[in-house]
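Reproduced below: query27.txt, with compact mmCIF, C-alpha atoms.
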# COMPACT_ATOMS: atom_id res chain seq x y z
CA MET A 20 18.99 -3.79 1.78
CA PRO A 21 15.22 -3.19 2.09
CA GLU A 22 12.84 -5.86 0.86
CA LEU A 23 9.16 -6.71 0.66
CA SER A 24 8.21 -9.07 3.45
CA GLU A 25 5.07 -10.52 4.95
CA PRO A 26 3.80 -8.48 7.88
CA GLY A 27 5.33 -9.67 11.14
CA THR A 28 5.75 -8.63 14.75
CA GLY A 29 9.54 -8.20 14.57
CA VAL A 30 9.18 -4.57 13.44
CA HIS A 31 6.81 -3.51 16.21
CA ALA A 32 8.83 -0.58 17.63
CA SER A 33 9.69 0.83 14.22
CA PHE A 34 6.11 0.37 13.01
CA LEU A 35 4.81 2.38 15.97
CA ALA A 36 7.27 5.17 15.22
CA ALA A 37 6.18 5.20 11.56
CA MET A 38 2.51 5.36 12.52
CA LYS A 39 3.22 8.39 14.72
CA GLU A 40 4.73 10.03 11.62
CA PHE A 41 1.58 9.27 9.61
CA GLU A 42 -0.60 10.57 12.46
CA ALA A 43 1.40 13.82 12.49
CA GLU A 44 0.56 14.19 8.78
CA GLY A 45 -3.13 13.95 9.61
CA ARG A 46 -3.64 10.54 8.03
CA THR A 47 -5.94 9.10 10.71
CA GLY A 48 -9.26 8.29 9.06
CA ASP A 49 -8.29 9.85 5.71
CA GLY A 50 -9.82 7.04 3.65
CA SER A 51 -6.51 5.30 2.89
CA MET A 52 -5.51 1.91 4.24
CA ILE A 53 -3.06 3.61 6.63
CA GLY A 54 -5.78 6.05 7.71
CA ARG A 55 -8.29 3.26 8.26
CA ASP A 56 -5.79 1.24 10.31
CA LEU A 57 -4.80 4.26 12.39
CA ALA A 58 -8.46 4.91 13.20
CA ALA A 59 -9.22 1.27 14.05
CA TRP A 60 -6.01 0.13 15.75
CA GLY A 61 -3.90 3.20 16.52
CA GLY A 62 -4.87 3.61 20.16
CA ARG A 63 -4.24 -0.05 20.94
CA TRP A 64 -1.42 -1.52 18.85
CA HIS A 65 1.30 -0.41 21.28
CA ASP A 66 0.28 -3.55 23.21
CA PRO A 67 2.26 -6.49 21.73
CA GLY A 68 -0.77 -8.81 21.84
CA VAL A 69 -2.96 -6.31 20.02
CA PHE A 70 -0.19 -5.70 17.49
CA ALA A 71 0.03 -9.46 16.88
CA SER A 72 -3.74 -9.49 16.28
CA TYR A 73 -3.37 -6.58 13.84
CA VAL A 74 -0.63 -8.43 11.94
CA ALA A 75 -2.82 -11.54 11.79
CA ALA A 76 -5.75 -9.48 10.46
CA VAL A 77 -3.59 -7.87 7.76
CA ARG A 78 -2.27 -11.27 6.70
CA ALA A 79 -5.80 -12.74 6.68
CA ASP A 80 -6.96 -10.15 4.15
CA VAL A 81 -5.60 -12.38 1.36
CA ARG A 82 -8.45 -14.82 1.93
CA GLU A 83 -11.70 -14.39 0.04
CA ASP A 84 -13.83 -15.14 3.14
CA THR A 85 -12.18 -12.54 5.40
CA PRO A 86 -14.63 -9.78 6.42
CA ARG A 87 -13.63 -6.41 4.94
CA PRO A 88 -15.16 -2.98 4.41
CA ARG A 89 -17.81 -2.68 1.71
CA GLY A 90 -16.26 -2.28 -1.73
CA HIS A 91 -12.92 -3.75 -0.71
CA VAL A 92 -11.46 -6.89 -2.27
CA PRO A 93 -8.96 -9.46 -1.01
CA CYS A 94 -5.42 -8.13 -1.04
CA THR A 95 -1.91 -9.18 -0.20
CA THR A 96 -0.21 -6.62 2.02
CA LEU A 97 3.56 -6.61 2.12
CA TRP A 98 5.81 -4.48 4.28
CA TRP A 99 8.95 -2.76 3.04
CA THR A 100 11.52 -3.46 5.74
CA GLU A 101 15.21 -3.48 6.39
CA ASP A 102 16.03 -5.79 9.27
CA THR A 103 13.68 -4.52 12.02
CA GLU A 104 13.07 -1.12 10.39
CA TRP A 105 9.54 -0.61 8.96
CA LEU A 106 9.85 1.71 5.95
CA GLY A 107 6.50 1.31 4.23
CA ARG A 108 3.65 -0.90 3.08
CA LEU A 109 2.24 -2.02 -0.21
CA ALA A 110 -1.04 -3.77 -0.99
CA VAL A 111 -1.72 -5.83 -4.10
CA ARG A 112 -5.46 -6.08 -4.62
CA HIS A 113 -6.37 -9.41 -6.18
CA ARG A 114 -8.94 -7.99 -8.57
CA LEU A 115 -10.65 -4.79 -9.59
CA ASN A 116 -14.23 -3.99 -8.77
CA ARG A 117 -15.86 -0.69 -9.74
CA LEU A 118 -14.31 1.25 -6.83
CA MET A 119 -10.85 -0.19 -7.46
CA LEU A 120 -11.11 0.39 -11.23
CA GLU A 121 -12.10 4.02 -10.84
CA PHE A 122 -9.95 5.14 -7.92
CA ALA A 123 -7.69 2.71 -6.09
CA GLY A 124 -6.20 0.34 -8.66
CA HIS A 125 -4.45 -2.96 -8.04
CA ILE A 126 -1.57 -1.57 -6.00
CA GLY A 127 -1.46 1.02 -3.25
CA TYR A 128 1.61 1.97 -1.27
CA ASP A 129 2.81 4.25 1.51
CA VAL A 130 6.35 5.19 2.52
CA ARG A 131 6.82 6.47 6.05
CA PRO A 132 7.52 10.22 6.03
CA THR A 133 11.10 10.01 7.34
CA ALA A 134 12.01 7.44 4.65
CA ARG A 135 10.71 9.42 1.68
CA ARG A 136 12.84 10.79 -1.17
CA ARG A 137 15.26 7.86 -0.97
CA GLY A 138 13.82 5.70 -3.75
CA HIS A 139 11.81 3.39 -1.50
CA GLY A 140 8.51 3.96 -3.34
CA THR A 141 10.02 3.07 -6.71
CA ALA A 142 11.87 0.06 -5.32
CA MET A 143 8.75 -1.16 -3.51
CA LEU A 144 6.50 -0.88 -6.55
CA ARG A 145 9.11 -2.47 -8.81
CA ALA A 146 9.48 -5.39 -6.36
CA ALA A 147 5.69 -5.85 -6.27
CA LEU A 148 5.27 -6.27 -10.03
CA PRO A 149 6.57 -9.87 -10.11
CA VAL A 150 4.36 -10.64 -7.10
CA ALA A 151 1.30 -9.42 -9.02
CA HIS A 152 2.44 -11.36 -12.10
CA ARG A 153 2.66 -14.60 -10.06
CA MET A 154 -0.91 -13.88 -8.88
CA GLY A 155 -2.03 -13.94 -12.51
CA ILE A 156 -2.38 -10.18 -12.94
CA GLY A 157 -0.93 -9.35 -16.36
CA ALA A 158 -1.15 -5.59 -16.02
CA VAL A 159 -1.73 -3.61 -12.84
CA LEU A 160 -3.65 -0.39 -12.51
CA VAL A 161 -1.86 2.07 -10.23
CA THR A 162 -3.41 5.44 -9.38
CA CYS A 163 -2.32 8.60 -7.63
CA ASP A 164 -3.80 11.99 -6.89
CA TYR A 165 -3.22 14.46 -9.73
CA ASP A 166 -1.17 16.70 -7.42
CA ASN A 167 1.05 13.94 -5.96
CA ASP A 168 4.13 14.46 -8.12
CA ALA A 169 6.27 12.05 -6.09
CA SER A 170 3.84 9.16 -6.57
CA ARG A 171 3.38 10.01 -10.24
CA ARG A 172 7.17 9.78 -10.73
CA VAL A 173 7.27 6.45 -8.87
CA ILE A 174 4.62 5.01 -11.18
CA GLU A 175 6.24 6.37 -14.33
CA ASN A 176 9.70 5.15 -13.23
CA CYS A 177 8.22 1.65 -12.95
CA GLY A 178 6.86 1.73 -16.51
CA GLY A 179 3.43 3.20 -15.85
CA GLU A 180 1.56 4.12 -19.02
CA PHE A 181 -0.88 6.97 -18.44
CA GLU A 182 -4.47 6.10 -19.36
CA ASP A 183 -6.57 9.00 -18.09
CA GLN A 184 -7.61 11.20 -15.21
CA ARG A 185 -10.85 10.53 -13.34
CA GLY A 186 -11.65 13.21 -10.83
CA ARG A 187 -8.55 13.71 -8.70
CA LYS A 188 -7.00 10.40 -9.78
CA LEU A 189 -4.40 9.83 -12.49
CA ARG A 190 -4.62 6.24 -13.76
CA TYR A 191 -1.65 4.24 -15.08
CA TRP A 192 -1.20 0.67 -16.28
CA ILE A 193 2.02 -1.33 -15.79
CA ASP A 194 2.75 -4.62 -17.58
CA THR A 195 3.80 -7.09 -14.87
CA ALA A 196 5.46 -9.46 -17.36
CA ALA A 197 8.01 -6.76 -18.26
CA ALA A 198 9.16 -6.47 -14.65
Would you encode the structure as structure tokens?
Amino acid sequence: MPELSEPGTGVHASFLAAMKEFEAEGRTGDGSMIGRDLAAWGGRWHDPGVFASYVAAVRADVREDTPRPRGHVPCTTLWWTEDTEWLGRLAVRHRLNRLMLEFAGHIGYDVRPTARRRGHGTAMLRAALPVAHRMGIGAVLVTCDYDNDASRRVIENCGGEFEDQRGRKLRYWIDTAAA
């Protein structure tokens, strides 16, 4: 059964296969966390040592003093895995700044293309709500593009209450205590 887990090197082969799927979608450099990682690490993480460094960098992003792109905040990234199969990733941002409040929200997630339409997005987000609650976040903001019906359904299936639309983004709040 899939579960949220800390990033680790045991899923290296499956992770590489998933990243090729995201690359084929044109995600490299698209502004998302996956896109940013593909642009920065994609040509190198086939090397086990580089992949281990990538995993360490992702895990270090929880710390306040870790260098990060302008406008980004500390976040806890968890991977959705089943044994050694990498199915997706989810990031819980520790707080909202202006950028996160307007566009990104507390939680962002990606399901690898070949694992979509199997309930992984809903299960991942649902599993992350208690994690956010333990971090002291009473309600999480989760956003999606207005034309991303699959992500909208994921958010609504997890109790998302629609607040508004800002530009291309639909904004929902989910009570983490109810999870």
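Among the candidates A:Arg82, A:Ala110, A:Gly61, A:Trp192, the one nearest to Gly48 in chain A when counting all atoms listed in the file is A:Gly61.
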- Query: Any idea what's packed within 10 Å of Ala123 in chain A, counting only C-alpha atoms, ignoring anything in its chain fewer than 6 positions away? Could you give it as a ChimeraX atom specification?
  - Reply: /A:51,91,112,115-117,160-163,188,190
Residue subset to file, keeping C-alpha atoms, as a PDB file, keeping the file's coordinate frame:
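Final file, part-v3.pdb:
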ATOM      1  CA  SER A  51      -6.510   5.300   2.890  1.00  0.00           C
ATOM      2  CA  HIS A  91     -12.920  -3.750  -0.710  1.00  0.00           C
ATOM      3  CA  ARG A 112      -5.460  -6.080  -4.620  1.00  0.00           C
ATOM      4  CA  LEU A 115     -10.650  -4.790  -9.590  1.00  0.00           C
ATOM      5  CA  ASN A 116     -14.230  -3.990  -8.770  1.00  0.00           C
ATOM      6  CA  ARG A 117     -15.860  -0.690  -9.740  1.00  0.00           C
ATOM      7  CA  LEU A 160      -3.650  -0.390 -12.510  1.00  0.00           C
ATOM      8  CA  VAL A 161      -1.860   2.070 -10.230  1.00  0.00           C
ATOM      9  CA  THR A 162      -3.410   5.440  -9.380  1.00  0.00           C
ATOM     10  CA  CYS A 163      -2.320   8.600  -7.630  1.00  0.00           C
ATOM     11  CA  LYS A 188      -7.000  10.400  -9.780  1.00  0.00           C
ATOM     12  CA  ARG A 190      -4.620   6.240 -13.760  1.00  0.00           C
TER      13      ARG A 190
END
- Query: Looking at A:Ile126, A:Thr47, A:Asp164, A:Ala169, which one is nearest to Thr195 in chain A, with distances taken over only C-alpha atoms?
  - Reply: A:Ile126
- Residue contacts of Met52 in chain A (10 Å, only C-alpha atoms) excluding same-chain residues fewer than 5 positions away, as a ChimeraX atom specification: /A:46-47,57-58,108-110,127-129
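Around Glu180 in chain A, within 8 Å and counting all atoms listed in the file, the residues found are Glu175, Tyr191, Trp192 and Ile193 of chain A, once anything fewer than 3 positions away on its own chain is removed.
Put simply, CA of Phe41 in chain A is 9.5 Å away from CA of Val130 in chain A.
Considering all atoms listed in the file, the residue among A:Tyr165, A:Arg87, A:Leu35, A:Thr103 positioned nearest to Gln184 in chain A is A:Tyr165.
Of the listed residues A:Thr96, A:Thr133, A:Ser72, A:Thr28, the one whose atoms come nearest to Val150 in chain A is A:Thr96, with distances taken using only C-alpha atoms.
For the atom pair formed by CA of Ala151 in chain A and CA of Leu23 in chain A, the distance is 12.8 Å, given to one decimal.
Of the listed residues (A:Glu40, A:Val92, A:Val111, A:Glu25), A:Glu25 comes nearest to Val74 in chain A; the distances count only C-alpha atoms.
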Might I get the box with edges along x, y and z of the file that holds all atoms of range 21-29 of chain A listed there, padded by 6 Å on every side, given as centre and edge lengths in Å to one decimal, as JSON?
{"center_x": 9.5, "center_y": -6.9, "center_z": 7.7, "size_x": 23.4, "size_y": 19.3, "size_z": 26.1}
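Minimum distance to Pro26 in chain A across A:Ile174, A:Met119, A:Ala71, A:Ala146 (counting only C-alpha atoms) occurs at A:Ala71.
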- Message: So that I can check the surroundings of Arg153 in chain A, please list as number ranges by chain every protein, DNA and RNA residue that reaches within 12 Å of it, counting only C-alpha atoms and ignoring chain neighbours fewer than 3 positions away.
- Response: A: 111, 113, 147-150, 156-158, 195-196, 198
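Taking CA of Ala59 in chain A and CA of Trp105 in chain A as endpoints, the distance between them is 19.5 Å.
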What does range 93-195 of chain A look like written to a file with C-alpha atoms, as a compact mmCIF listing (two decimals), in the first residue's frame?
# COMPACT_ATOMS: atom_id res chain seq x y z
CA PRO A 93 10.90 26.14 4.35
CA CYS A 94 8.94 23.05 3.42
CA THR A 95 8.73 19.38 4.24
CA THR A 96 8.80 17.27 1.10
CA LEU A 97 7.43 13.76 1.31
CA TRP A 98 7.42 11.12 -1.39
CA TRP A 99 4.45 8.88 -2.17
CA THR A 100 5.98 5.43 -2.54
CA GLU A 101 5.09 1.79 -2.55
CA ASP A 102 8.12 -0.31 -1.67
CA THR A 103 10.73 0.96 -4.17
CA GLU A 104 8.18 2.51 -6.56
CA TRP A 105 8.15 6.35 -6.64
CA LEU A 106 4.59 7.45 -7.39
CA GLY A 107 4.64 11.14 -6.51
CA ARG A 108 5.74 13.95 -4.23
CA LEU A 109 4.07 16.36 -1.89
CA ALA A 110 5.44 19.48 -0.22
CA VAL A 111 4.03 21.04 2.94
CA ARG A 112 5.16 24.65 3.13
CA HIS A 113 5.65 25.71 6.74
CA ARG A 114 4.08 29.13 6.33
CA LEU A 115 2.54 31.43 3.78
CA ASN A 116 4.25 34.51 2.45
CA ARG A 117 2.67 36.74 -0.20
CA LEU A 118 3.63 34.44 -3.11
CA MET A 119 2.39 31.34 -1.30
CA LEU A 120 -0.83 33.05 -0.20
CA GLU A 121 -1.68 34.22 -3.69
CA PHE A 122 -0.60 31.26 -5.82
CA ALA A 123 1.06 28.23 -4.27
CA GLY A 124 -0.60 27.56 -0.92
CA HIS A 125 0.64 25.35 1.89
CA ILE A 126 0.60 22.09 -0.04
CA GLY A 127 1.71 21.25 -3.56
CA TYR A 128 1.74 17.78 -5.05
CA ASP A 129 2.58 15.88 -8.23
CA VAL A 130 1.64 12.35 -9.26
CA ARG A 131 3.80 10.73 -11.92
CA PRO A 132 1.91 10.51 -15.22
CA THR A 133 1.70 6.70 -15.35
CA ALA A 134 0.25 6.59 -11.81
CA ARG A 135 -2.53 9.12 -12.38
CA ARG A 136 -6.26 8.38 -12.23
CA ARG A 137 -5.79 5.76 -9.51
CA GLY A 138 -6.59 7.89 -6.46
CA HIS A 139 -2.98 8.64 -5.51
CA GLY A 140 -3.46 12.43 -5.46
CA THR A 141 -6.42 12.21 -3.09
CA ALA A 142 -4.71 9.65 -0.86
CA MET A 143 -1.51 11.71 -0.77
CA LEU A 144 -3.25 14.94 0.14
CA ARG A 145 -5.42 13.22 2.73
CA ALA A 146 -2.32 11.64 4.32
CA ALA A 147 -0.58 15.04 4.43
CA LEU A 148 -3.32 16.79 6.41
CA PRO A 149 -2.35 15.23 9.77
CA VAL A 150 1.30 16.04 8.99
CA ALA A 151 0.38 19.72 8.52
CA HIS A 152 -1.75 19.61 11.68
CA ARG A 153 1.22 18.29 13.71
CA MET A 154 3.25 21.20 12.30
CA GLY A 155 0.74 23.59 13.86
CA ILE A 156 -1.08 24.50 10.64
CA GLY A 157 -4.79 24.53 11.49
CA ALA A 158 -6.04 25.03 7.96
CA VAL A 159 -4.06 24.58 4.75
CA LEU A 160 -4.42 26.58 1.59
CA VAL A 161 -4.29 24.35 -1.49
CA THR A 162 -4.44 25.82 -4.99
CA CYS A 163 -4.78 24.51 -8.52
CA ASP A 164 -5.06 25.97 -11.98
CA TYR A 165 -8.65 26.78 -12.92
CA ASP A 166 -8.51 24.27 -15.79
CA ASN A 167 -6.99 21.38 -13.80
CA ASP A 168 -10.17 19.41 -13.11
CA ALA A 169 -8.31 16.42 -11.68
CA SER A 170 -6.53 18.51 -9.05
CA ARG A 171 -9.71 20.40 -8.25
CA ARG A 172 -11.48 17.07 -7.56
CA VAL A 173 -8.57 15.92 -5.37
CA ILE A 174 -8.83 19.07 -3.26
CA GLU A 175 -12.61 18.91 -3.00
CA ASN A 176 -12.52 15.18 -2.13
CA CYS A 177 -10.23 16.05 0.78
CA GLY A 178 -12.64 18.65 2.16
CA GLY A 179 -11.42 21.72 0.32
CA GLU A 180 -13.68 24.73 0.74
CA PHE A 181 -13.49 27.07 -2.25
CA GLU A 182 -12.48 30.62 -1.31
CA ASP A 183 -11.87 32.40 -4.61
CA GLN A 184 -10.05 32.52 -7.92
CA ARG A 185 -6.99 34.72 -8.36
CA GLY A 186 -5.77 34.81 -11.91
CA ARG A 187 -5.43 31.21 -13.07
CA LYS A 188 -5.51 29.83 -9.52
CA LEU A 189 -8.47 28.39 -7.65
CA ARG A 190 -7.90 28.67 -3.88
CA TYR A 191 -9.27 26.22 -1.31
CA TRP A 192 -8.90 25.85 2.45
CA ILE A 193 -8.89 22.49 4.25
CA ASP A 194 -9.23 22.13 8.04
CA THR A 195 -6.37 19.87 9.15
